[in-house]
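Trainee: I'd like to ask some things about the structure below.
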Amino acid sequence: MNSTSATPKIKPSPALVQQLRKETSCSIQKAILALSTTSNDYQKALEWIHKDLTEAGQKAVSKLSGRTTSCGLVAISPLSNGLGVEAVGNIGSPLRVGMVEVNCETDFVARSQVFEKLCRDLAWSIGFYADNAATPSTGVVPMDIEALMEAPLMTEPTEKSQDGTLAPGNGDQLTSIRSAIANAVTRVGEKIMFRRAAAITSSPVPPTSDSALSVGLYAHNSTTPADAKGSSGTVAGAVLVRLKAENLKSLLLSQFQDPRGVEWRKEYRGLERALARQLVGFETIGIKALTTPGSQGGAQEGPMPLYAQEFHTYGPLAARLPRYEGLDLRNVGRSLEQWSKASGIENGTVEVLEYLKWKVGEEA
C-alpha cells in the first residue's frame, strides 16, 4: 500500500515535514513521502502516516509474537480523583483511577518516552471505560483487556487539553487500543504485551455527605514527566481511602471557605501519597492487624498488615507540620486515628478500605 519507493509527486513543505514528525514521531523519509503523496495536504498526510503505522505494526506484532517480555511498567492514571487542592475524592463527581501493567523485552524500551506514554494512555483509557461500565461499583474492579482492545484509545490530557482526548486515526476511524499498541511496537522494535488492568471506582456523593472516597497513588522508580497526570514505574500502588467528618463539606470543597480549607487539603493529599508510598515500599498482607494487647506493630519480620507497619513514609511530612509532630508513627492504624484528631476534622475518621499493588513481572 504505502511504499517507500513511491516517486514523490511534489516537493514537500519543510515546515509541514517538521510538524508531521513532531506530531507522529515518524522518520523524515516517511514525513516527506506522506506529504509528497498527498500534495502537501497535512490532514491527509497525517492519515497516511497513521495507516502506514497500523499496517507496519500488525506485521511487527506477528513477527515478534514468540519473544519473551520480562520488562515493562506499571502505570496509574487518576481520571477523576478530585481536582488537586480544589477538591478531594468523589464529592460531586465519580471516582475513577486506571491501573495497568504493560510488558516489553528490555529496560531500554521500558524507559523510552514512546513506551512510557503508551502505558499512561492505556491507564487513562481503563479509567475512562470503567466510568462507562454498565453496572457501577465501588472499589477495585478487574478489567477485561480483550473486551476493550477494539475500543478507541483515550490519551492522557496535557496542559493544553484538560480533558482526555481520543487518539487520532485514519479519517473517521479512531485509533483502537490494539492499533495503538501495534504502532508502538513499530516504533520501539520490540514485542509489547498488555498484561493486566484494573480500575478503582465509586459513584459520586452529594456535597451534603459526611463521607467521601479518594485514592492515594505512587509509582516507584519512575521516569514520568513532572507535568503528567498519571505516573508509571516498576512498582506502583493505589490506596482507596474513606474520610468521614461532620465538617467534611467545608474542608473538601473550595467554594465553602473554611479558613484552613486549602491548607488542609494539601495535608490530606500528603497523607494519601504517604499511604501509597508505604504500600509500595513495604511488603504488605492485608490492611488491619490482628494484634495482641500491648503490641506496637513494626516489630515482626516479613510481610505485615498495613495498619501494623511503622509509618515510615509519613515521618518527613509530620516533622514539617507542628500539629502532627506528636503522632505515634510506630503503627499506621494508630497514626491515622491520631491524624484525624490533630487535623481538625470533627467527629471523623480516615480509613483505608482497599489497595492495589503491582510489580512488573510478578505472578498475577
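Identifiers for the C-alpha cells are assigned positionally: chains receive A, B, ... in sequence, residues are indexed from 1 per chain, and ligands are indexed from 1 in the order shown.
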When DSSP works through the backbone of this structure, what residues of segment 188-342 of chain A end up as strand (DSSP E), shown as a PyMOL selection string?

Mentor: chain A and resi 193-202+211-220+231-233+235-244

Trainee: Would you write out, as CSV, a table of all residues in segment 187-256 of chain A that have an atom no more than 6 Å from an atom of segment 334-348 of chain A, listing for each the closest atom pair and the distance in Å to one decimal, considering only C-alpha atoms and ordering rows by chain and rising residue number?

Mentor:
residue,atom,partner,partner_atom,distance
A:Lys244,CA,A:Gly348,CA,4.8
A:Ala245,CA,A:Gly348,CA,4.0
A:Glu246,CA,A:Glu346,CA,5.4
A:Asn247,CA,A:Glu346,CA,5.9

Trainee: Take the residues that were just selected and, keeping all heavy atoms, output them as a PDB file, in the first residue's frame.

Mentor:
ATOM      1  N   LYS A 244     -14.372  10.394  56.796  1.00  0.00           N
ATOM      2  CA  LYS A 244     -15.666  10.745  57.386  1.00  0.00           C
ATOM      3  C   LYS A 244     -15.467  11.901  58.352  1.00  0.00           C
ATOM      4  O   LYS A 244     -14.526  11.894  59.159  1.00  0.00           O
ATOM      5  CB  LYS A 244     -16.282   9.547  58.112  1.00  0.00           C
ATOM      6  CG  LYS A 244     -16.590   8.348  57.223  1.00  0.00           C
ATOM      7  CD  LYS A 244     -17.293   7.248  57.984  1.00  0.00           C
ATOM      8  CE  LYS A 244     -18.711   7.652  58.356  1.00  0.00           C
ATOM      9  NZ  LYS A 244     -19.449   6.514  58.985  1.00  0.00           N
ATOM     10  N   ALA A 245     -16.342  12.901  58.283  1.00  0.00           N
ATOM     11  CA  ALA A 245     -16.254  14.053  59.183  1.00  0.00           C
ATOM     12  C   ALA A 245     -17.543  14.857  59.114  1.00  0.00           C
ATOM     13  O   ALA A 245     -18.154  14.965  58.049  1.00  0.00           O
ATOM     14  CB  ALA A 245     -15.068  14.939  58.807  1.00  0.00           C
ATOM     15  N   GLU A 246     -17.940  15.423  60.241  1.00  0.00           N
ATOM     16  CA  GLU A 246     -19.133  16.256  60.252  1.00  0.00           C
ATOM     17  C   GLU A 246     -18.923  17.552  59.478  1.00  0.00           C
ATOM     18  O   GLU A 246     -19.867  18.106  58.919  1.00  0.00           O
ATOM     19  CB  GLU A 246     -19.541  16.550  61.699  1.00  0.00           C
ATOM     20  CG  GLU A 246     -20.054  15.323  62.448  1.00  0.00           C
ATOM     21  CD  GLU A 246     -20.476  15.648  63.867  1.00  0.00           C
ATOM     22  OE1 GLU A 246     -20.313  16.824  64.285  1.00  0.00           O
ATOM     23  OE2 GLU A 246     -20.974  14.741  64.563  1.00  0.00           O
ATOM     24  N   ASN A 247     -17.694  18.052  59.463  1.00  0.00           N
ATOM     25  CA  ASN A 247     -17.387  19.287  58.730  1.00  0.00           C
ATOM     26  C   ASN A 247     -16.727  19.008  57.378  1.00  0.00           C
ATOM     27  O   ASN A 247     -15.940  19.804  56.865  1.00  0.00           O
ATOM     28  CB  ASN A 247     -16.470  20.186  59.559  1.00  0.00           C
ATOM     29  CG  ASN A 247     -15.149  19.519  59.931  1.00  0.00           C
ATOM     30  OD1 ASN A 247     -15.065  18.287  60.011  1.00  0.00           O
ATOM     31  ND2 ASN A 247     -14.128  20.333  60.171  1.00  0.00           N
TER      32      ASN A 247
END

Trainee: Skipping near chain neighbours, those fewer than 2 positions away, what residues fall within 8 Å of Arg96 of chain A using only C-alpha atoms, listed as a list of chain:residue names?

Mentor: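 My list of contacting residues is A:Pro78, A:Leu79, A:Ser80, A:Asn81, A:Pro94, A:Gly98, A:Gly127, A:Phe128, A:Ala130, A:Asp131, A:Ala199, A:Ile200, A:Thr201, A:Ser202.
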
Trainee: Write the residues you've just listed into a file as a short mmCIF file (atom, residue, chain, number, x, y, z; two decimals), in the first residue's frame, and include all heavy atoms for each of them.

Mentor:
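Output (out00.cif):
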data_model
loop_
_atom_site.label_atom_id
_atom_site.label_comp_id
_atom_site.auth_asym_id
_atom_site.auth_seq_id
_atom_site.Cartn_x
_atom_site.Cartn_y
_atom_site.Cartn_z
N PRO A 78 -5.14 8.98 37.29
CA PRO A 78 -6.35 9.39 38.01
C PRO A 78 -7.28 10.17 37.08
O PRO A 78 -7.18 11.39 36.94
CB PRO A 78 -5.80 10.29 39.12
CG PRO A 78 -4.56 10.90 38.53
CD PRO A 78 -4.00 9.88 37.55
N LEU A 79 -8.19 9.47 36.43
CA LEU A 79 -9.13 10.14 35.53
C LEU A 79 -10.01 11.11 36.30
O LEU A 79 -10.32 12.20 35.83
CB LEU A 79 -10.01 9.08 34.84
CG LEU A 79 -10.89 9.59 33.71
CD1 LEU A 79 -10.09 9.80 32.45
CD2 LEU A 79 -12.03 8.61 33.43
N SER A 80 -10.42 10.73 37.49
CA SER A 80 -11.24 11.60 38.33
C SER A 80 -10.99 11.24 39.78
O SER A 80 -11.38 10.19 40.25
CB SER A 80 -12.73 11.42 37.99
OG SER A 80 -13.54 12.18 38.87
N ASN A 81 -10.27 12.13 40.49
CA ASN A 81 -9.92 11.88 41.89
C ASN A 81 -9.91 13.20 42.64
O ASN A 81 -9.06 13.46 43.47
CB ASN A 81 -8.56 11.19 41.98
CG ASN A 81 -8.24 10.73 43.40
OD1 ASN A 81 -9.14 10.44 44.18
ND2 ASN A 81 -6.96 10.65 43.73
N PRO A 94 -17.69 11.28 39.98
CA PRO A 94 -17.30 9.88 40.21
C PRO A 94 -15.81 9.74 40.44
O PRO A 94 -15.01 10.57 40.00
CB PRO A 94 -17.73 9.18 38.92
CG PRO A 94 -17.71 10.26 37.89
CD PRO A 94 -18.13 11.51 38.60
N GLY A 98 -7.36 4.41 36.76
CA GLY A 98 -6.98 3.25 35.97
C GLY A 98 -5.56 2.80 36.29
O GLY A 98 -4.68 3.63 36.54
N GLY A 127 -9.42 3.88 33.10
CA GLY A 127 -10.25 4.70 33.97
C GLY A 127 -11.48 5.21 33.26
O GLY A 127 -12.58 5.25 33.82
N PHE A 128 -11.32 5.57 31.97
CA PHE A 128 -12.45 6.08 31.19
C PHE A 128 -13.50 5.00 30.98
O PHE A 128 -14.70 5.24 31.18
CB PHE A 128 -11.95 6.59 29.85
CG PHE A 128 -13.06 7.05 28.93
CD1 PHE A 128 -13.61 8.31 29.05
CD2 PHE A 128 -13.57 6.20 27.96
CE1 PHE A 128 -14.63 8.73 28.22
CE2 PHE A 128 -14.60 6.61 27.12
CZ PHE A 128 -15.12 7.88 27.25
N ALA A 130 -13.98 2.27 32.69
CA ALA A 130 -14.60 1.89 33.96
C ALA A 130 -15.73 2.85 34.28
O ALA A 130 -16.77 2.46 34.83
CB ALA A 130 -13.57 1.90 35.08
N ASP A 131 -15.56 4.12 33.91
CA ASP A 131 -16.58 5.14 34.12
C ASP A 131 -17.83 4.85 33.31
O ASP A 131 -18.94 5.27 33.67
CB ASP A 131 -16.01 6.51 33.72
CG ASP A 131 -16.91 7.66 34.15
OD1 ASP A 131 -17.74 7.45 35.03
OD2 ASP A 131 -16.78 8.75 33.59
N ALA A 199 -9.37 -1.02 37.65
CA ALA A 199 -9.77 0.35 37.96
C ALA A 199 -10.23 0.42 39.41
O ALA A 199 -10.66 -0.59 39.99
CB ALA A 199 -10.90 0.81 37.04
N ILE A 200 -10.11 1.59 39.99
CA ILE A 200 -10.70 1.87 41.30
C ILE A 200 -11.82 2.87 41.06
O ILE A 200 -11.58 3.95 40.50
CB ILE A 200 -9.67 2.41 42.30
CG1 ILE A 200 -8.57 1.37 42.53
CG2 ILE A 200 -10.33 2.77 43.62
CD1 ILE A 200 -7.49 1.81 43.49
N THR A 201 -13.03 2.52 41.44
CA THR A 201 -14.19 3.31 41.06
C THR A 201 -15.12 3.55 42.24
O THR A 201 -15.14 2.81 43.22
CB THR A 201 -15.01 2.60 39.96
OG1 THR A 201 -15.69 1.48 40.53
CG2 THR A 201 -14.12 2.11 38.84
N SER A 202 -15.92 4.62 42.10
CA SER A 202 -17.00 4.88 43.03
C SER A 202 -17.93 5.91 42.41
O SER A 202 -17.48 6.83 41.71
CB SER A 202 -16.48 5.40 44.37
OG SER A 202 -17.57 5.70 45.25
#

Trainee: Can you tell me how far atom CA of Gly72 of chain A sits from atom CA of Val140 of chain A, in Å to one decimal?

Mentor: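 It comes out at 22.2 Å.
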
Trainee: Counting only C-alpha atoms, give me one row per residue of segment 283-353 of chain A with an atom at most 12 Å from an atom of segment 214-221 of chain A, showing the shortest contact pair and its distance in Å to one decimal, sorted by chain then residue number, as a Markdown table.

Mentor:
| residue | atom | partner | partner_atom | distance |
| --- | --- | --- | --- | --- |
| A:Thr313 | CA | A:Tyr218 | CA | 11.7 |
| A:Val350 | CA | A:Ser214 | CA | 10.7 |
| A:Glu351 | CA | A:Ser214 | CA | 10.6 |
| A:Val352 | CA | A:Val215 | CA | 9.5 |
| A:Leu353 | CA | A:Val215 | CA | 10.2 |

Trainee: In Å, rounded to a single decimal, give me how far atom CA of Lys357 of chain A is from atom CA of Leu148 of chain A.

Mentor: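 Going from atom CA of Leu148 of chain A over to atom CA of Lys357 of chain A, I get 22.3 Å.
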
Trainee: With distances taken over only C-alpha atoms, which of A:Asp227, A:Glu190, A:Glu310, A:Glu362 is nearest to Ala110 of chain A?

Mentor: A:Glu190

Trainee: Determine, counting only C-alpha atoms, which protein, DNA and RNA residues have an atom within 8 Å of an atom of Ala180 of chain A; residues of the same chain fewer than 3 positions away are not included. Present the result as a ChimeraX atom specification.

Mentor: /A:54,118,153,175-177,183-184

Trainee: Could those residues be written to a file, using all heavy atoms, as a PDB file, in the first residue's frame?

Mentor:
ATOM      1  N   THR A  54      -0.151   1.569  11.236  1.00  0.00           N
ATOM      2  CA  THR A  54      -1.031   0.465  11.611  1.00  0.00           C
ATOM      3  C   THR A  54      -0.665  -0.807  10.854  1.00  0.00           C
ATOM      4  O   THR A  54      -0.564  -1.900  11.437  1.00  0.00           O
ATOM      5  CB  THR A  54      -2.498   0.828  11.344  1.00  0.00           C
ATOM      6  OG1 THR A  54      -2.860   1.949  12.148  1.00  0.00           O
ATOM      7  CG2 THR A  54      -3.418  -0.332  11.665  1.00  0.00           C
ATOM      8  N   LEU A 118       2.616   5.427  26.180  1.00  0.00           N
ATOM      9  CA  LEU A 118       1.609   4.412  25.858  1.00  0.00           C
ATOM     10  C   LEU A 118       1.010   3.837  27.137  1.00  0.00           C
ATOM     11  O   LEU A 118      -0.211   3.678  27.243  1.00  0.00           O
ATOM     12  CB  LEU A 118       2.236   3.293  25.029  1.00  0.00           C
ATOM     13  CG  LEU A 118       1.336   2.062  24.796  1.00  0.00           C
ATOM     14  CD1 LEU A 118       0.172   2.406  23.876  1.00  0.00           C
ATOM     15  CD2 LEU A 118       2.155   0.901  24.226  1.00  0.00           C
ATOM     16  N   LEU A 153      -8.476   4.385  21.835  1.00  0.00           N
ATOM     17  CA  LEU A 153      -7.540   4.758  22.892  1.00  0.00           C
ATOM     18  C   LEU A 153      -7.856   6.173  23.360  1.00  0.00           C
ATOM     19  O   LEU A 153      -8.036   7.082  22.546  1.00  0.00           O
ATOM     20  CB  LEU A 153      -6.099   4.709  22.369  1.00  0.00           C
ATOM     21  CG  LEU A 153      -5.017   5.091  23.383  1.00  0.00           C
ATOM     22  CD1 LEU A 153      -4.813   3.968  24.390  1.00  0.00           C
ATOM     23  CD2 LEU A 153      -3.706   5.421  22.675  1.00  0.00           C
ATOM     24  N   THR A 175      -8.076   5.600  16.473  1.00  0.00           N
ATOM     25  CA  THR A 175      -7.081   4.579  16.780  1.00  0.00           C
ATOM     26  C   THR A 175      -7.556   3.704  17.919  1.00  0.00           C
ATOM     27  O   THR A 175      -7.826   4.195  19.023  1.00  0.00           O
ATOM     28  CB  THR A 175      -5.740   5.234  17.153  1.00  0.00           C
ATOM     29  OG1 THR A 175      -5.268   5.999  16.050  1.00  0.00           O
ATOM     30  CG2 THR A 175      -4.706   4.179  17.520  1.00  0.00           C
ATOM     31  N   SER A 176      -7.657   2.418  17.691  1.00  0.00           N
ATOM     32  CA  SER A 176      -8.063   1.489  18.741  1.00  0.00           C
ATOM     33  C   SER A 176      -6.886   1.202  19.666  1.00  0.00           C
ATOM     34  O   SER A 176      -5.729   1.473  19.333  1.00  0.00           O
ATOM     35  CB  SER A 176      -8.556   0.183  18.127  1.00  0.00           C
ATOM     36  OG  SER A 176      -7.475  -0.510  17.514  1.00  0.00           O
ATOM     37  N   ILE A 177      -7.188   0.641  20.822  1.00  0.00           N
ATOM     38  CA  ILE A 177      -6.130   0.250  21.751  1.00  0.00           C
ATOM     39  C   ILE A 177      -5.205  -0.761  21.090  1.00  0.00           C
ATOM     40  O   ILE A 177      -3.972  -0.670  21.196  1.00  0.00           O
ATOM     41  CB  ILE A 177      -6.751  -0.320  23.040  1.00  0.00           C
ATOM     42  CG1 ILE A 177      -7.399   0.811  23.844  1.00  0.00           C
ATOM     43  CG2 ILE A 177      -5.707  -1.055  23.877  1.00  0.00           C
ATOM     44  CD1 ILE A 177      -8.143   0.347  25.079  1.00  0.00           C
ATOM     45  N   ASN A 183       1.236   0.196  16.789  1.00  0.00           N
ATOM     46  CA  ASN A 183       2.033   1.348  16.351  1.00  0.00           C
ATOM     47  C   ASN A 183       3.274   1.508  17.217  1.00  0.00           C
ATOM     48  O   ASN A 183       4.376   1.807  16.721  1.00  0.00           O
ATOM     49  CB  ASN A 183       1.197   2.627  16.416  1.00  0.00           C
ATOM     50  CG  ASN A 183       0.062   2.634  15.407  1.00  0.00           C
ATOM     51  OD1 ASN A 183       0.010   1.791  14.504  1.00  0.00           O
ATOM     52  ND2 ASN A 183      -0.845   3.576  15.552  1.00  0.00           N
ATOM     53  N   ALA A 184       3.108   1.316  18.526  1.00  0.00           N
ATOM     54  CA  ALA A 184       4.248   1.431  19.431  1.00  0.00           C
ATOM     55  C   ALA A 184       5.274   0.332  19.175  1.00  0.00           C
ATOM     56  O   ALA A 184       6.487   0.563  19.259  1.00  0.00           O
ATOM     57  CB  ALA A 184       3.769   1.383  20.882  1.00  0.00           C
TER      58      ALA A 184
END
